[in-house]
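Colleague: Provided below: protein_3.cif, containing mmCIF, C-alpha atoms.
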```cif
data_query
loop_
_atom_site.group_PDB
_atom_site.id
_atom_site.type_symbol
_atom_site.label_atom_id
_atom_site.label_comp_id
_atom_site.auth_asym_id
_atom_site.auth_seq_id
_atom_site.Cartn_x
_atom_site.Cartn_y
_atom_site.Cartn_z
ATOM 1 C CA MET I 1 -11.574 1.435 -29.467
ATOM 2 C CA PHE I 2 -12.932 1.634 -25.933
ATOM 3 C CA VAL I 3 -13.897 5.167 -24.871
ATOM 4 C CA LEU I 4 -15.430 6.749 -21.818
ATOM 5 C CA ASN I 5 -17.724 9.699 -22.380
ATOM 6 C CA GLU I 6 -16.802 13.065 -20.954
ATOM 7 C CA LEU I 7 -18.781 12.638 -17.738
ATOM 8 C CA GLN I 8 -17.377 9.159 -17.144
ATOM 9 C CA GLN I 9 -13.808 10.395 -17.709
ATOM 10 C CA ASP I 10 -14.336 13.355 -15.444
ATOM 11 C CA THR I 11 -15.794 11.117 -12.736
ATOM 12 C CA LEU I 12 -12.985 8.590 -13.049
ATOM 13 C CA LEU I 13 -10.322 11.267 -12.817
ATOM 14 C CA GLU I 14 -11.997 12.818 -9.796
ATOM 15 C CA ILE I 15 -12.275 9.447 -8.048
ATOM 16 C CA PHE I 16 -8.622 8.742 -8.699
ATOM 17 C CA ASN I 17 -7.718 12.274 -7.595
ATOM 18 C CA ILE I 18 -9.182 11.489 -4.191
ATOM 19 C CA GLY I 19 -7.204 8.287 -4.018
ATOM 20 C CA VAL I 20 -3.989 9.902 -5.214
ATOM 21 C CA GLY I 21 -4.463 12.627 -2.629
ATOM 22 C CA LYS I 22 -4.519 10.026 0.127
ATOM 23 C CA ALA I 23 -1.450 8.377 -1.379
ATOM 24 C CA ALA I 24 0.374 11.685 -1.422
ATOM 25 C CA ALA I 25 -0.588 12.280 2.208
ATOM 26 C CA ALA I 26 0.915 8.932 3.147
ATOM 27 C CA LEU I 27 4.114 9.671 1.187
ATOM 28 C CA SER I 28 4.341 13.106 2.743
ATOM 29 C CA LYS I 29 4.038 11.622 6.213
ATOM 30 C CA MET I 30 6.865 9.192 5.507
ATOM 31 C CA THR I 31 9.225 11.728 3.963
ATOM 32 C CA ALA I 32 8.281 14.719 6.131
ATOM 33 C CA GLU I 33 7.985 16.724 2.943
ATOM 34 C CA GLU I 34 5.220 18.235 0.846
ATOM 35 C CA VAL I 35 4.330 16.140 -2.172
ATOM 36 C CA LEU I 36 3.244 18.020 -5.282
ATOM 37 C CA LEU I 37 0.843 16.227 -7.577
ATOM 38 C CA SER I 38 0.269 16.660 -11.265
ATOM 39 C CA VAL I 39 -3.183 16.480 -12.772
ATOM 40 C CA PRO I 40 -3.686 12.833 -13.706
ATOM 41 C CA THR I 41 -3.517 11.992 -17.396
ATOM 42 C CA LEU I 42 -5.813 9.302 -18.740
ATOM 43 C CA GLU I 43 -5.329 7.584 -22.073
ATOM 44 C CA PHE I 44 -6.696 4.583 -23.897
ATOM 45 C CA LEU I 45 -4.010 3.222 -26.128
ATOM 46 C CA GLU I 46 -2.798 0.130 -27.820
ATOM 47 C CA TRP I 47 0.382 -1.089 -26.259
ATOM 48 C CA GLU I 48 2.672 0.020 -29.082
ATOM 49 C CA GLU I 49 1.431 3.558 -28.672
ATOM 50 C CA ALA I 50 1.424 3.340 -24.870
ATOM 51 C CA ARG I 51 5.161 2.681 -24.920
ATOM 52 C CA GLN I 52 5.687 6.232 -26.214
ATOM 53 C CA HIS I 53 3.803 7.630 -23.215
ATOM 54 C CA LEU I 54 5.668 5.903 -20.438
ATOM 55 C CA PRO I 55 7.458 8.160 -17.963
ATOM 56 C CA CYS I 56 11.174 8.157 -17.144
ATOM 57 C CA GLU I 57 12.128 7.210 -20.683
ATOM 58 C CA GLY I 58 15.610 5.775 -20.942
ATOM 59 C CA LYS I 59 16.161 5.726 -17.174
ATOM 60 C CA ILE I 60 16.446 2.785 -14.864
ATOM 61 C CA ILE I 61 13.598 2.978 -12.433
ATOM 62 C CA CYS I 62 12.510 1.146 -9.312
ATOM 63 C CA GLY I 63 8.884 0.256 -9.008
ATOM 64 C CA ILE I 64 6.538 -1.403 -6.575
ATOM 65 C CA SER I 65 3.619 -3.102 -8.238
ATOM 66 C CA GLN I 66 0.360 -4.507 -6.896
ATOM 67 C CA ARG I 67 -2.660 -5.878 -8.709
ATOM 68 C CA PHE I 68 -5.979 -4.787 -7.254
ATOM 69 C CA GLU I 69 -9.079 -6.836 -8.033
ATOM 70 C CA GLY I 70 -12.500 -5.663 -7.037
ATOM 71 C CA PRO I 71 -14.968 -3.277 -8.658
ATOM 72 C CA PHE I 72 -12.443 -3.329 -11.485
ATOM 73 C CA THR I 73 -8.965 -4.728 -11.898
ATOM 74 C CA THR I 74 -5.901 -2.603 -12.228
ATOM 75 C CA GLU I 75 -2.195 -2.928 -11.855
ATOM 76 C CA ALA I 76 -0.972 -0.035 -9.745
ATOM 77 C CA VAL I 77 2.696 0.898 -9.798
ATOM 78 C CA LEU I 78 4.658 3.419 -7.758
ATOM 79 C CA MET I 79 7.943 4.267 -9.421
ATOM 80 C CA PHE I 80 10.977 6.478 -8.985
ATOM 81 C CA PRO I 81 14.302 6.743 -10.799
ATOM 82 C CA GLU I 82 16.809 4.305 -9.314
ATOM 83 C CA ASP I 83 19.221 6.850 -7.811
ATOM 84 C CA LYS I 84 16.438 8.790 -6.119
ATOM 85 C CA THR I 85 14.851 5.584 -4.855
ATOM 86 C CA ILE I 86 18.073 4.603 -3.120
ATOM 87 C CA GLU I 87 18.365 8.030 -1.490
ATOM 88 C CA PHE I 88 14.730 8.008 -0.474
ATOM 89 C CA ILE I 89 14.621 4.555 1.138
ATOM 90 C CA ARG I 90 17.853 5.158 3.028
ATOM 91 C CA TYR I 91 16.367 8.349 4.433
ATOM 92 C CA ILE I 92 13.234 6.527 5.559
ATOM 93 C CA LEU I 93 15.189 3.620 7.029
ATOM 94 C CA GLN I 94 17.682 6.047 8.552
ATOM 95 C CA VAL I 95 20.638 4.050 7.274
ATOM 96 C CA ASP I 96 23.926 5.056 5.741
ATOM 97 C CA SER I 97 25.153 2.550 3.248
ATOM 98 C CA LEU I 98 28.195 2.160 1.080
ATOM 99 C CA PHE I 99 26.365 -0.037 -1.394
ATOM 100 C CA ALA I 100 25.621 1.619 -4.711
ATOM 101 C CA GLN I 101 22.641 -0.665 -5.239
ATOM 102 C CA LEU I 102 19.640 -1.482 -3.118
ATOM 103 C CA THR I 103 20.177 -4.173 -0.530
ATOM 104 C CA GLU I 104 17.593 -6.890 -0.010
ATOM 105 C CA MET I 105 16.364 -5.214 3.140
ATOM 106 C CA GLU I 106 16.006 -1.896 1.350
ATOM 107 C CA GLN I 107 14.016 -3.586 -1.423
ATOM 108 C CA GLU I 108 11.791 -5.125 1.226
ATOM 109 C CA GLY I 109 11.377 -1.740 2.857
ATOM 110 C CA LEU I 110 10.427 -0.276 -0.506
ATOM 111 C CA CYS I 111 7.794 -2.960 -0.951
ATOM 112 C CA GLU I 112 6.200 -1.964 2.307
ATOM 113 C CA ILE I 113 6.321 1.727 1.423
ATOM 114 C CA GLY I 114 4.783 0.977 -1.956
ATOM 115 C CA ASN I 115 2.151 -1.167 -0.249
ATOM 116 C CA ILE I 116 1.176 1.712 2.038
ATOM 117 C CA ILE I 117 1.025 4.280 -0.741
ATOM 118 C CA LEU I 118 -0.811 2.112 -3.269
ATOM 119 C CA ASN I 119 -3.346 0.930 -0.699
ATOM 120 C CA ALA I 120 -3.839 4.510 0.509
ATOM 121 C CA CYS I 121 -4.707 5.362 -3.087
ATOM 122 C CA MET I 122 -7.062 2.461 -3.792
ATOM 123 C CA ALA I 123 -8.942 2.427 -0.470
ATOM 124 C CA PRO I 124 -11.023 5.576 -1.074
ATOM 125 C CA ILE I 125 -11.829 4.269 -4.569
ATOM 126 C CA ALA I 126 -13.184 1.056 -3.068
ATOM 127 C CA ASP I 127 -15.217 3.057 -0.572
ATOM 128 C CA ILE I 128 -16.626 5.313 -3.298
ATOM 129 C CA PHE I 129 -17.780 2.234 -5.231
ATOM 130 C CA SER I 130 -19.059 0.622 -1.998
ATOM 131 C CA ALA I 131 -16.917 -2.395 -2.808
ATOM 132 C CA GLU I 132 -13.727 -4.070 -1.759
ATOM 133 C CA PHE I 133 -10.381 -4.574 -3.457
ATOM 134 C CA HIS I 134 -8.176 -7.579 -2.921
ATOM 135 C CA ALA I 135 -4.554 -6.801 -3.547
ATOM 136 C CA THR I 136 -1.623 -9.008 -4.401
ATOM 137 C CA MET I 137 1.508 -8.765 -2.295
ATOM 138 C CA PRO I 138 3.687 -5.859 -3.404
ATOM 139 C CA GLU I 139 6.403 -6.759 -5.885
ATOM 140 C CA PHE I 140 9.675 -4.913 -6.385
ATOM 141 C CA ARG I 141 10.807 -4.407 -9.972
ATOM 142 C CA MET I 142 13.755 -2.591 -11.459
ATOM 143 C CA GLY I 143 14.531 -1.736 -15.056
ATOM 144 C CA THR I 144 13.141 0.467 -17.786
ATOM 145 C CA SER I 145 9.600 1.721 -17.391
ATOM 146 C CA GLU I 146 8.448 -0.904 -19.909
ATOM 147 C CA HIS I 147 9.855 -3.642 -17.703
ATOM 148 C CA VAL I 148 8.556 -2.143 -14.471
ATOM 149 C CA LEU I 149 5.085 -1.672 -15.913
ATOM 150 C CA SER I 150 5.332 -5.241 -17.227
ATOM 151 C CA PHE I 151 4.399 -4.390 -20.737
ATOM 152 C CA ASP I 152 5.257 -7.331 -22.881
ATOM 153 C CA ALA I 153 4.673 -8.673 -26.345
ATOM 154 C CA ALA I 154 1.624 -10.593 -25.174
ATOM 155 C CA GLN I 155 -0.156 -7.292 -24.662
ATOM 156 C CA ALA I 156 0.792 -5.938 -28.075
ATOM 157 C CA ASN I 157 -2.730 -6.021 -29.468
ATOM 158 C CA ARG I 158 -4.525 -5.026 -26.312
ATOM 159 C CA VAL I 159 -6.103 -1.721 -25.518
ATOM 160 C CA ILE I 160 -4.772 -0.452 -22.267
ATOM 161 C CA MET I 161 -6.041 2.251 -19.978
ATOM 162 C CA LEU I 162 -3.021 4.145 -18.723
ATOM 163 C CA MET I 163 -3.417 6.696 -15.980
ATOM 164 C CA LEU I 164 -0.339 8.572 -14.794
ATOM 165 C CA VAL I 165 0.196 10.985 -11.946
ATOM 166 C CA LYS I 166 3.508 12.698 -11.261
ATOM 167 C CA LEU I 167 4.599 13.015 -7.637
ATOM 168 C CA GLN I 168 7.214 15.632 -6.805
ATOM 169 C CA LEU I 169 9.269 15.886 -3.669
ATOM 170 C CA GLU I 170 10.821 19.304 -4.094
ATOM 171 C CA LYS I 171 13.438 19.312 -1.360
ATOM 172 C CA ARG I 172 14.709 15.950 -2.492
ATOM 173 C CA GLU I 173 14.479 16.994 -6.168
ATOM 174 C CA THR I 174 12.691 13.745 -6.797
ATOM 175 C CA GLU I 175 9.975 12.969 -9.296
ATOM 176 C CA GLY I 176 8.096 9.729 -9.223
ATOM 177 C CA TYR I 177 4.958 8.405 -10.787
ATOM 178 C CA LEU I 178 1.864 6.500 -9.899
ATOM 179 C CA ALA I 179 0.664 4.461 -12.848
ATOM 180 C CA PHE I 180 -2.537 2.484 -13.207
ATOM 181 C CA LEU I 181 -3.031 0.016 -16.012
ATOM 182 C CA SER I 182 -6.172 -1.848 -16.939
ATOM 183 C CA VAL I 183 -7.050 -3.946 -19.975
ATOM 184 C CA LEU I 184 -10.313 -3.922 -21.890
ATOM 185 C CA PRO I 185 -12.613 -6.311 -19.926
ATOM 186 C CA ASP I 186 -11.597 -4.552 -16.720
ATOM 187 C CA MET I 187 -12.325 -1.160 -18.227
ATOM 188 C CA GLN I 188 -15.838 -2.263 -19.110
ATOM 189 C CA ARG I 189 -16.454 -3.219 -15.478
ATOM 190 C CA LEU I 190 -14.966 0.089 -14.411
ATOM 191 C CA SER I 191 -17.283 1.925 -16.801
ATOM 192 C CA ALA I 192 -20.296 0.078 -15.346
ATOM 193 C CA ASN I 193 -19.226 1.016 -11.819
ATOM 194 C CA ILE I 194 -18.779 4.653 -12.796
ATOM 195 C CA ASP I 195 -22.263 4.697 -14.318
ATOM 196 C CA ARG I 196 -23.738 3.171 -11.180
ATOM 197 C CA PHE I 197 -21.946 5.738 -9.022
ATOM 198 C CA ILE I 198 -23.180 8.621 -11.196
ATOM 199 C CA SER I 199 -26.761 7.365 -11.145
ATOM 200 C CA GLU I 200 -26.645 7.010 -7.334
ATOM 201 C CA LEU I 201 -25.495 10.622 -7.087
ATOM 202 C CA GLN I 202 -28.326 11.762 -9.299
ATOM 203 C CA LYS I 203 -31.028 10.177 -7.122
ATOM 204 C CA MET S 1 7.549 -3.506 40.947
ATOM 205 C CA ILE S 2 5.634 -3.093 37.691
ATOM 206 C CA THR S 3 5.989 -6.079 35.387
ATOM 207 C CA PRO S 4 7.072 -5.069 31.904
ATOM 208 C CA LYS S 5 4.439 -5.682 29.294
ATOM 209 C CA THR S 6 4.767 -8.022 26.342
ATOM 210 C CA VAL S 7 3.745 -7.080 22.814
ATOM 211 C CA LEU S 8 3.509 -9.565 19.940
ATOM 212 C CA ILE S 9 4.002 -7.880 16.541
ATOM 213 C CA VAL S 10 2.609 -9.839 13.587
ATOM 214 C CA ASP S 11 3.588 -8.400 10.197
ATOM 215 C CA ASP S 12 5.239 -9.873 7.116
ATOM 216 C CA SER S 13 7.104 -6.600 6.571
ATOM 217 C CA ARG S 14 10.427 -6.466 8.351
ATOM 218 C CA LEU S 15 10.363 -2.670 8.052
ATOM 219 C CA SER S 16 7.018 -2.422 9.811
ATOM 220 C CA ARG S 17 8.074 -4.782 12.596
ATOM 221 C CA MET S 18 11.243 -2.733 13.089
ATOM 222 C CA ILE S 19 9.372 0.548 13.265
ATOM 223 C CA ILE S 20 6.654 -0.706 15.632
ATOM 224 C CA LYS S 21 9.251 -2.302 17.913
ATOM 225 C CA ALA S 22 11.506 0.777 17.908
ATOM 226 C CA LEU S 23 8.678 3.198 18.658
ATOM 227 C CA ILE S 24 7.287 1.107 21.511
ATOM 228 C CA LEU S 25 10.732 0.558 23.043
ATOM 229 C CA GLU S 26 11.413 4.293 22.786
ATOM 230 C CA LYS S 27 8.464 4.863 25.129
ATOM 231 C CA TYR S 28 8.820 1.702 27.202
ATOM 232 C CA PRO S 29 12.394 0.392 26.986
ATOM 233 C CA ASP S 30 11.773 -2.459 29.414
ATOM 234 C CA TRP S 31 8.848 -3.963 27.513
ATOM 235 C CA ILE S 32 9.286 -7.305 25.791
ATOM 236 C CA MET S 33 8.789 -7.376 22.017
ATOM 237 C CA LEU S 34 7.987 -10.608 20.238
ATOM 238 C CA GLU S 35 7.621 -10.916 16.483
ATOM 239 C CA ALA S 36 5.897 -13.203 14.012
ATOM 240 C CA ILE S 37 6.084 -12.875 10.247
ATOM 241 C CA ASN S 38 2.729 -14.452 9.386
ATOM 242 C CA GLY S 39 -0.339 -16.262 10.692
ATOM 243 C CA ASP S 40 1.264 -19.707 10.719
ATOM 244 C CA GLN S 41 4.196 -18.533 12.796
ATOM 245 C CA THR S 42 1.821 -16.787 15.197
ATOM 246 C CA ILE S 43 -0.192 -19.959 15.660
ATOM 247 C CA SER S 44 2.895 -22.050 16.304
ATOM 248 C CA MET S 45 4.125 -19.496 18.849
ATOM 249 C CA MET S 46 0.892 -19.408 20.820
ATOM 250 C CA ASP S 47 1.553 -22.689 22.635
ATOM 251 C CA SER S 48 5.029 -21.684 23.718
ATOM 252 C CA ILE S 49 4.637 -18.110 24.962
ATOM 253 C CA PRO S 50 2.539 -16.604 27.749
ATOM 254 C CA GLU S 51 -0.424 -14.488 26.706
ATOM 255 C CA PRO S 52 0.912 -11.107 25.553
ATOM 256 C CA ASP S 53 -0.506 -7.833 26.800
ATOM 257 C CA LEU S 54 -1.131 -6.660 23.225
ATOM 258 C CA ILE S 55 -1.002 -8.153 19.741
ATOM 259 C CA THR S 56 -0.514 -5.936 16.682
ATOM 260 C CA LEU S 57 -1.625 -7.490 13.400
ATOM 261 C CA ASP S 58 -1.142 -6.613 9.777
ATOM 262 C CA VAL S 59 -4.023 -7.546 7.471
ATOM 263 C CA ASN S 60 -2.512 -8.390 4.088
ATOM 264 C CA MET S 61 0.021 -11.134 4.712
ATOM 265 C CA PRO S 62 0.962 -14.222 2.717
ATOM 266 C CA GLY S 63 -1.140 -17.189 3.819
ATOM 267 C CA MET S 64 -3.722 -16.407 6.490
ATOM 268 C CA ASP S 65 -4.762 -12.766 6.523
ATOM 269 C CA GLY S 66 -4.819 -10.815 9.780
ATOM 270 C CA LEU S 67 -8.595 -10.704 10.142
ATOM 271 C CA SER S 68 -8.896 -14.492 9.841
ATOM 272 C CA LEU S 69 -6.066 -14.825 12.359
ATOM 273 C CA VAL S 70 -8.086 -12.855 14.932
ATOM 274 C CA THR S 71 -10.554 -15.734 15.310
ATOM 275 C CA THR S 72 -7.754 -18.267 15.778
ATOM 276 C CA ILE S 73 -6.065 -16.068 18.367
ATOM 277 C CA ARG S 74 -9.323 -15.552 20.253
ATOM 278 C CA ASN S 75 -9.859 -19.331 20.454
ATOM 279 C CA HIS S 76 -6.568 -19.527 22.327
ATOM 280 C CA TRP S 77 -6.523 -16.222 24.190
ATOM 281 C CA ALA S 78 -10.115 -15.083 24.551
ATOM 282 C CA SER S 79 -9.533 -11.573 25.781
ATOM 283 C CA VAL S 80 -6.071 -10.529 24.600
ATOM 284 C CA PRO S 81 -6.180 -6.956 23.269
ATOM 285 C CA ILE S 82 -5.605 -6.928 19.520
ATOM 286 C CA VAL S 83 -5.004 -3.939 17.253
ATOM 287 C CA VAL S 84 -4.785 -4.144 13.475
ATOM 288 C CA ILE S 85 -2.063 -1.887 12.059
ATOM 289 C CA THR S 86 -2.508 -1.901 8.306
ATOM 290 C CA ALA S 87 -2.007 -0.170 4.965
ATOM 291 C CA ASN S 88 -5.347 -1.645 3.878
ATOM 292 C CA VAL S 89 -7.388 1.321 4.975
ATOM 293 C CA GLN S 90 -10.597 0.519 3.151
ATOM 294 C CA GLY S 91 -13.847 1.153 5.021
ATOM 295 C CA SER S 92 -14.654 -2.556 4.745
ATOM 296 C CA VAL S 93 -11.555 -3.400 6.794
ATOM 297 C CA SER S 94 -12.242 -0.911 9.564
ATOM 298 C CA ARG S 95 -15.828 -2.205 9.779
ATOM 299 C CA LYS S 96 -14.634 -5.814 10.057
ATOM 300 C CA CYS S 97 -12.273 -4.757 12.836
ATOM 301 C CA ALA S 98 -15.166 -3.163 14.694
ATOM 302 C CA GLU S 99 -17.230 -6.356 14.275
ATOM 303 C CA LEU S 100 -14.320 -8.421 15.584
ATOM 304 C CA LYS S 101 -13.853 -5.958 18.454
ATOM 305 C CA VAL S 102 -10.243 -5.271 17.580
ATOM 306 C CA GLY S 103 -8.559 -1.909 17.185
ATOM 307 C CA PHE S 104 -7.834 -0.401 13.774
ATOM 308 C CA VAL S 105 -4.876 1.890 13.100
ATOM 309 C CA GLU S 106 -3.645 3.071 9.711
ATOM 310 C CA LYS S 107 -0.124 2.857 8.358
ATOM 311 C CA PRO S 108 2.264 4.685 7.849
ATOM 312 C CA ILE S 109 3.430 4.080 11.375
ATOM 313 C CA ASP S 110 4.714 6.899 13.520
ATOM 314 C CA ALA S 111 4.712 7.856 17.182
ATOM 315 C CA ALA S 112 1.077 8.984 17.004
ATOM 316 C CA THR S 113 0.060 5.689 15.373
ATOM 317 C CA ILE S 114 1.750 3.748 18.158
ATOM 318 C CA ASP S 115 0.166 5.914 20.863
ATOM 319 C CA LYS S 116 -3.218 5.143 19.308
ATOM 320 C CA ALA S 117 -2.404 1.421 19.079
ATOM 321 C CA LEU S 118 -1.356 1.273 22.729
ATOM 322 C CA THR S 119 -4.696 2.723 23.857
ATOM 323 C CA PHE S 120 -6.237 -0.623 22.872
ATOM 324 C CA MET S 121 -4.381 -2.270 25.729
ATOM 325 C CA GLU S 122 -6.658 -0.569 28.227
#
```
Please rewrite the model in this file as structure tokens.

Modeller:
Amino acid sequence: MFVLNELQQDTLLEIFNIGVGKAAAALSKMTAEEVLLSVPTLEFLEWEEARQHLPCEGKIICGISQRFEGPFTTEAVLMFPEDKTIEFIRYILQVDSLFAQLTEMEQEGLCEIGNIILNACMAPIADIFSAEFHATMPEFRMGTSEHVLSFDAAQANRVIMLMLVKLQLEKRETEGYLAFLSVLPDMQRLSANIDRFISELQK
Amino acid sequence: MITPKTVLIVDDSRLSRMIIKALILEKYPDWIMLEAINGDQTISMMDSIPEPDLITLDVNMPGMDGLSLVTTIRNHWASVPIVVITANVQGSVSRKCAELKVGFVEKPIDAATIDKALTFME
């Protein structure tokens, strides 16, 4: 089982904390509300076990997903429960709508919002590693958290790094999550980058 | 009489184009807003429109990315002011913008972002 030592884990969490902070700042700017952040959780799990740790269990959620390739590869997902997502995007777009479900334009708007927040998160991480990420176009997904995080049977035997951060918008009584998933070869590259970063700091 | 200015907004996101257009028109209601959804559409528009007073460009778009598009635009309009308005706020992107001598403004877009973008017209 892949493990990071204590210093590597601490460094990784701190690096992601910086990124998540920037993401929260971007979300706060868009919603005109303070965003409360949880301490990120970091786990290395096989997929079967990871399923038990996914947020928003049993709920239908809306997620925006992007794959970032660079100093390591990760799938980053911003997700909120469906009802809160609808409320949230209509506030940002300043539209009243009678539709109970997201319209195509609202989904598109969500993709852009997700794009901004996920890139705001990953940019400082790229800068810290003195590298560059290339991101896929943001993709809208809706369903259970398993579907949104695109866990599937093909990953059943894989070790996955799952990092989760809870985002809370108090006034809107909304809780969302940022999730980051990487598989084993990507985690090894991440580990090498963390080690390089630590050794640079120690010079 | 002051001629209204023309701004070409290049962004694959309809939301971003809407916001940029709305915020500029709020300040300058008589300005002319043109839109393109990607690099290819921008290129095909260049032969049929007069040189704009400002071009805003997203970076991450399907097909040609915004930074590659800068070179193509400059071959057609050598000195048109260009400002990148992007969610891709990595240091590498802001450095490339500086090398290309184009402005760099971060999303999310608000009135302050637009004010900053419009300074690149001068």

Colleague: Check the smallest atom-to-atom distance from each of S:Tyr28, S:Asp110, S:Asp47, S:Lys101 to Pro81 of chain S using all atoms listed in the file, then report the winner.

Modeller: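 Closest to Pro81 of chain S of all the choices is S:Lys101.
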
Colleague: I'd like the residues picked by the PyMOL selection byres ((chain S) within 6 of (chain I)) written out as an mmCIF file with C-alpha atoms, in the frame of the given file, using the chain letters and numbers from the file.

Modeller:
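The result, written out as part_7.cif:
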```
data_model
loop_
_atom_site.group_PDB
_atom_site.id
_atom_site.type_symbol
_atom_site.label_atom_id
_atom_site.label_comp_id
_atom_site.auth_asym_id
_atom_site.auth_seq_id
_atom_site.Cartn_x
_atom_site.Cartn_y
_atom_site.Cartn_z
ATOM 1 C CA LEU S 15 10.363 -2.670 8.052
ATOM 2 C CA ALA S 87 -2.007 -0.170 4.965
ATOM 3 C CA ASN S 88 -5.347 -1.645 3.878
ATOM 4 C CA VAL S 89 -7.388 1.321 4.975
ATOM 5 C CA GLN S 90 -10.597 0.519 3.151
#
```

Colleague: Determine, counting all atoms listed in the file, every residue of protein, DNA or RNA that lies within 12 Å of (-4.6, 11.3, -15.4) in the file coordinates, then give the result as a list in words.

Modeller: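 All residues meeting the 12 Å criterion around (-4.6, 11.3, -15.4) are Gln9, Asp10, Thr11, Leu12, Leu13, Glu14, Ile15, Phe16, Asn17, Val20, Leu37, Ser38, Val39, Pro40, Thr41, Leu42, Glu43, Phe44, Met161, Leu162, Met163, Leu164, Val165, Lys166, Tyr177, Leu178, Ala179, Phe180 and Leu181 of chain I.
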
Colleague: Rounded to one decimal in Å, what is the spacing between atom CA of Asp53 of chain S and atom CA of Leu34 of chain S?

Modeller: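 Value for the atom CA of Asp53 of chain S-atom CA of Leu34 of chain S distance: 11.1 Å.
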
Colleague: Hey, can you pull every residue with an atom no more than 10 Å from (-2.3, 0.8, 23.3), using all atoms listed in the file, and send it as a ChimeraX atom specification?

Modeller: /S:7,24,53-56,81-83,103,113-122

Colleague: What is the distance between atom CA of Met61 of chain S and atom CA of Leu167 of chain I, in Å to one decimal?

Modeller: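 Computing it gives 27.5 Å between the two atoms.
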
Colleague: How far is it from atom CA of Lys96 of chain S to atom CA of Arg74 of chain S, in Å with one decimal?

Modeller: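 These atoms are spaced 15.1 Å apart.
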
Colleague: On this file, the PyMOL selection byres ((chain S and resi 41) around 12) gives some set of residues; write that set as a PyMOL selection string.

Modeller: chain S and resi 8-12+34-40+42-48+61-64+69+73

Colleague: Those residues you just picked out, can you put them in a file as a tab-separated table (two decimals), keeping the file's coordinate frame with C-alpha atoms?

Modeller:
```
chain	number	residue	atom	x	y	z
S	8	LEU	CA	3.51	-9.56	19.94
S	9	ILE	CA	4.00	-7.88	16.54
S	10	VAL	CA	2.61	-9.84	13.59
S	11	ASP	CA	3.59	-8.40	10.20
S	12	ASP	CA	5.24	-9.87	7.12
S	34	LEU	CA	7.99	-10.61	20.24
S	35	GLU	CA	7.62	-10.92	16.48
S	36	ALA	CA	5.90	-13.20	14.01
S	37	ILE	CA	6.08	-12.88	10.25
S	38	ASN	CA	2.73	-14.45	9.39
S	39	GLY	CA	-0.34	-16.26	10.69
S	40	ASP	CA	1.26	-19.71	10.72
S	42	THR	CA	1.82	-16.79	15.20
S	43	ILE	CA	-0.19	-19.96	15.66
S	44	SER	CA	2.90	-22.05	16.30
S	45	MET	CA	4.12	-19.50	18.85
S	46	MET	CA	0.89	-19.41	20.82
S	47	ASP	CA	1.55	-22.69	22.64
S	48	SER	CA	5.03	-21.68	23.72
S	61	MET	CA	0.02	-11.13	4.71
S	62	PRO	CA	0.96	-14.22	2.72
S	63	GLY	CA	-1.14	-17.19	3.82
S	64	MET	CA	-3.72	-16.41	6.49
S	69	LEU	CA	-6.07	-14.82	12.36
S	73	ILE	CA	-6.06	-16.07	18.37
```

Colleague: Could you pull the residues within 12 Å of Glu173 of chain I, counting all atoms listed in the file, minus those fewer than 2 positions along the same chain, as JSON, numbers by chain?

Modeller: {"I": [33, 34, 35, 36, 80, 81, 83, 84, 85, 87, 88, 167, 168, 169, 170, 171, 175, 176]}

Colleague: Name the residues that the PyMOL selection byres ((chain I and resi 184) around 8) pulls out of this structure, and write them as a ChimeraX atom specification.

Modeller: /I:2,158-161,182-183,185-188

Colleague: With C-alpha atoms retained, write the just-selected residues as a PDB file, in the frame of the given file.

Modeller:
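Writing done, so here's part-v3.pdb:
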```
ATOM      1  CA  PHE I   2     -12.932   1.634 -25.933  1.00  0.00           C
ATOM      2  CA  ARG I 158      -4.525  -5.026 -26.312  1.00  0.00           C
ATOM      3  CA  VAL I 159      -6.103  -1.721 -25.518  1.00  0.00           C
ATOM      4  CA  ILE I 160      -4.772  -0.452 -22.267  1.00  0.00           C
ATOM      5  CA  MET I 161      -6.041   2.251 -19.978  1.00  0.00           C
ATOM      6  CA  SER I 182      -6.172  -1.848 -16.939  1.00  0.00           C
ATOM      7  CA  VAL I 183      -7.050  -3.946 -19.975  1.00  0.00           C
ATOM      8  CA  PRO I 185     -12.613  -6.311 -19.926  1.00  0.00           C
ATOM      9  CA  ASP I 186     -11.597  -4.552 -16.720  1.00  0.00           C
ATOM     10  CA  MET I 187     -12.325  -1.160 -18.227  1.00  0.00           C
ATOM     11  CA  GLN I 188     -15.838  -2.263 -19.110  1.00  0.00           C
TER      12      GLN I 188
END
```
